[in-house]
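Q: I'd like to ask you about the structure that follows.
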Amino acid sequence: MMVPLLPTISTACIVISAILVAIGWGKIRKRDIDGHQKVMTLAAIFALIFFIIYSSRTVFVGNTSFGGPDEYKIFYTVFLIFHVTLATIGAVLGIISLVTGFKDKLSIHRKLGPITSIVWFCTGFTGVIVYLLLYVIYKGGTTTSLIKAILGF
């Protein structure tokens, strides 16, 4: 079975981002501030690449519906809503963590950073599960672009 290229690349980007966050967390625990900043910036870049691929694909190609058994669809949908909510919270926390870190607002950054990291790890993990359910375990359902859905063609 062939997996689609863009979802595979975007999922890899989010996994790489989560791994880099873990490395960055380890660096700050060792008081390697410069290394921490570099690795966390790279983690943010991979998250941004994910977002660009994901949002572009959503608009121009579309989202793929769940292609598994109908009796599992409700469970998939609830899990997807959980993942999207977690990803949104993680993205907002990530932006706040980056801004507070770069602006030397370290009292906020030190409190928020670990929470952000844990949310991001969970986002990466649930994102991989969504990917596996859509493209590996089951054959993906139909795909319709946002543009086609809005314009009706």
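As shown in the structure tokens, the chain order sets the letters A, B, ...; within each chain, residues go from 1, and ligands are also counted from 1 in the order they appear.
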What lies within 12 Å of Met40 (chain A) using only C-alpha atoms, ignoring chain neighbours under 2 positions off, as a PyMOL selection string?
A: chain A and resi 16-28+32-38+42-47+94-95+97-99+101-102+113+116-117
Q: Restricted to N, CA and C atoms, what would the selected residues look like written as a compact mmCIF listing (two decimals), in the first residue's frame?
A:
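For reference, again.txt as written:
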# COMPACT_ATOMS: atom_id res chain seq x y z
N ILE A 16 9.53 14.95 14.33
CA ILE A 16 10.86 15.56 14.48
C ILE A 16 10.78 16.74 15.44
N SER A 17 9.75 17.55 15.32
CA SER A 17 9.56 18.68 16.22
C SER A 17 9.48 18.21 17.67
N ALA A 18 8.70 17.18 17.94
CA ALA A 18 8.55 16.66 19.30
C ALA A 18 9.88 16.09 19.83
N ILE A 19 10.61 15.40 18.97
CA ILE A 19 11.92 14.86 19.37
C ILE A 19 12.88 16.00 19.70
N LEU A 20 12.85 17.05 18.89
CA LEU A 20 13.70 18.21 19.15
C LEU A 20 13.32 18.92 20.45
N VAL A 21 12.02 18.97 20.75
CA VAL A 21 11.59 19.55 22.03
C VAL A 21 12.17 18.74 23.19
N ALA A 22 12.15 17.42 23.07
CA ALA A 22 12.72 16.58 24.12
C ALA A 22 14.23 16.84 24.27
N ILE A 23 14.91 16.97 23.15
CA ILE A 23 16.36 17.26 23.19
C ILE A 23 16.58 18.64 23.82
N GLY A 24 15.76 19.62 23.43
CA GLY A 24 15.88 20.96 23.98
C GLY A 24 15.63 21.00 25.47
N TRP A 25 14.68 20.22 25.93
CA TRP A 25 14.39 20.12 27.36
C TRP A 25 15.60 19.55 28.08
N GLY A 26 16.20 18.53 27.48
CA GLY A 26 17.41 17.95 28.08
C GLY A 26 18.55 18.96 28.15
N LYS A 27 18.68 19.76 27.12
CA LYS A 27 19.76 20.76 27.09
C LYS A 27 19.58 21.81 28.19
N ILE A 28 18.35 22.26 28.41
CA ILE A 28 18.15 23.29 29.43
C ILE A 28 18.35 22.70 30.83
N ASP A 32 22.53 24.24 29.29
CA ASP A 32 23.05 24.62 27.97
C ASP A 32 22.02 25.53 27.31
N ILE A 33 22.04 26.80 27.70
CA ILE A 33 21.04 27.76 27.23
C ILE A 33 21.13 27.98 25.73
N ASP A 34 22.34 28.14 25.21
CA ASP A 34 22.51 28.36 23.77
C ASP A 34 22.01 27.16 22.97
N GLY A 35 22.38 25.96 23.40
CA GLY A 35 21.91 24.75 22.73
C GLY A 35 20.40 24.61 22.81
N HIS A 36 19.85 24.94 23.97
CA HIS A 36 18.40 24.89 24.18
C HIS A 36 17.68 25.82 23.20
N GLN A 37 18.16 27.05 23.08
CA GLN A 37 17.54 28.01 22.18
C GLN A 37 17.60 27.54 20.73
N LYS A 38 18.74 27.02 20.33
CA LYS A 38 18.89 26.56 18.95
C LYS A 38 17.99 25.38 18.64
N LEU A 42 14.67 25.23 16.17
CA LEU A 42 14.56 24.23 15.12
C LEU A 42 13.26 23.42 15.27
N ALA A 43 12.90 23.10 16.50
CA ALA A 43 11.63 22.40 16.75
C ALA A 43 10.46 23.24 16.25
N ALA A 44 10.52 24.55 16.50
CA ALA A 44 9.46 25.45 16.04
C ALA A 44 9.42 25.52 14.52
N ILE A 45 10.58 25.50 13.88
CA ILE A 45 10.64 25.53 12.41
C ILE A 45 9.98 24.27 11.83
N PHE A 46 10.26 23.11 12.42
CA PHE A 46 9.63 21.88 11.94
C PHE A 46 8.12 21.91 12.18
N ALA A 47 7.68 22.49 13.29
CA ALA A 47 6.24 22.62 13.55
C ALA A 47 5.61 23.56 12.52
N GLY A 94 3.11 26.94 22.49
CA GLY A 94 4.43 26.99 21.85
C GLY A 94 4.82 28.40 21.47
N ILE A 95 3.89 29.13 20.89
CA ILE A 95 4.17 30.52 20.51
C ILE A 95 4.47 31.36 21.74
N SER A 97 5.55 30.29 24.63
CA SER A 97 6.83 29.84 25.18
C SER A 97 8.00 30.42 24.39
N LEU A 98 7.90 30.42 23.07
CA LEU A 98 8.97 31.00 22.26
C LEU A 98 9.12 32.50 22.53
N VAL A 99 8.01 33.20 22.54
CA VAL A 99 8.06 34.66 22.76
C VAL A 99 8.63 34.98 24.14
N GLY A 101 10.56 33.16 25.96
CA GLY A 101 11.97 32.78 25.97
C GLY A 101 12.85 33.81 25.28
N PHE A 102 12.43 34.23 24.09
CA PHE A 102 13.23 35.20 23.32
C PHE A 102 13.23 36.59 23.96
N GLY A 113 7.14 26.34 29.89
CA GLY A 113 7.90 25.45 29.03
C GLY A 113 7.62 23.97 29.23
N THR A 116 4.09 23.15 28.03
CA THR A 116 4.07 23.21 26.57
C THR A 116 4.68 21.94 25.98
N SER A 117 5.81 21.53 26.53
CA SER A 117 6.51 20.35 26.02
C SER A 117 5.65 19.10 26.14
Q: Residues at most 12 Å from Leu132 (chain A), counting only C-alpha atoms, excluding those fewer than 6 positions away in the same chain, as a ChimeraX atom specification?
A: /A:3-4,7-8,11,66-68,76,125-126,138-140
Q: Run DSSP on the backbone and grab whatever in chain A lands in strand (DSSP E or B); send it over as a PyMOL selection string.
A: chain A and resi 63-64+143-144
Q: Between CA of Thr58 (chain A) and CA of Gly127 (chain A), what is the distance in Å, rounded to a tenth?
A: 15.5 Å
Q: Mind giving me the straight-line distance from CA of Leu6 (chain A) to CA of Asp70 (chain A) in Å, one decimal?
A: 25.6 Å
Q: I need the residue nearest Val15 (chain A) from this list: A:Ile137, A:Lys148, A:Thr123, A:Ser107. Use only C-alpha atoms for the distance.
A: A:Thr123
Q: Just to confirm, what's the straight-line distance from CA of Thr142 (chain A) to CA of Val128 (chain A) in Å (one decimal)?
A: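 Computing it gives 19.7 Å between the two atoms.
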Q: Would you mind listing what lies within 9 Å of Phe50 (chain A) as a list in words, with only C-alpha atoms counted and same-chain residues fewer than 5 positions away left out?
A: Ile9, Ser10, Thr11, Ala12, Cys13, Ile14, Ile45 and Ser55 of chain A
Q: Within 8 Å of Ser145 (chain A), counting only C-alpha atoms, which residues qualify if same-chain residues fewer than 3 places away don't, as a VMD selection string?
A: chain A and resid 57 to 63 148 to 149
Q: Can you list, as a PyMOL selection string, every protein, DNA or RNA residue that comes within 12 Å of region 80-83 of chain A when you count only C-alpha atoms, leaving out same-chain residues fewer than 2 positions away?
A: chain A and resi 65-66+73-78+85-91+119-131+133-134
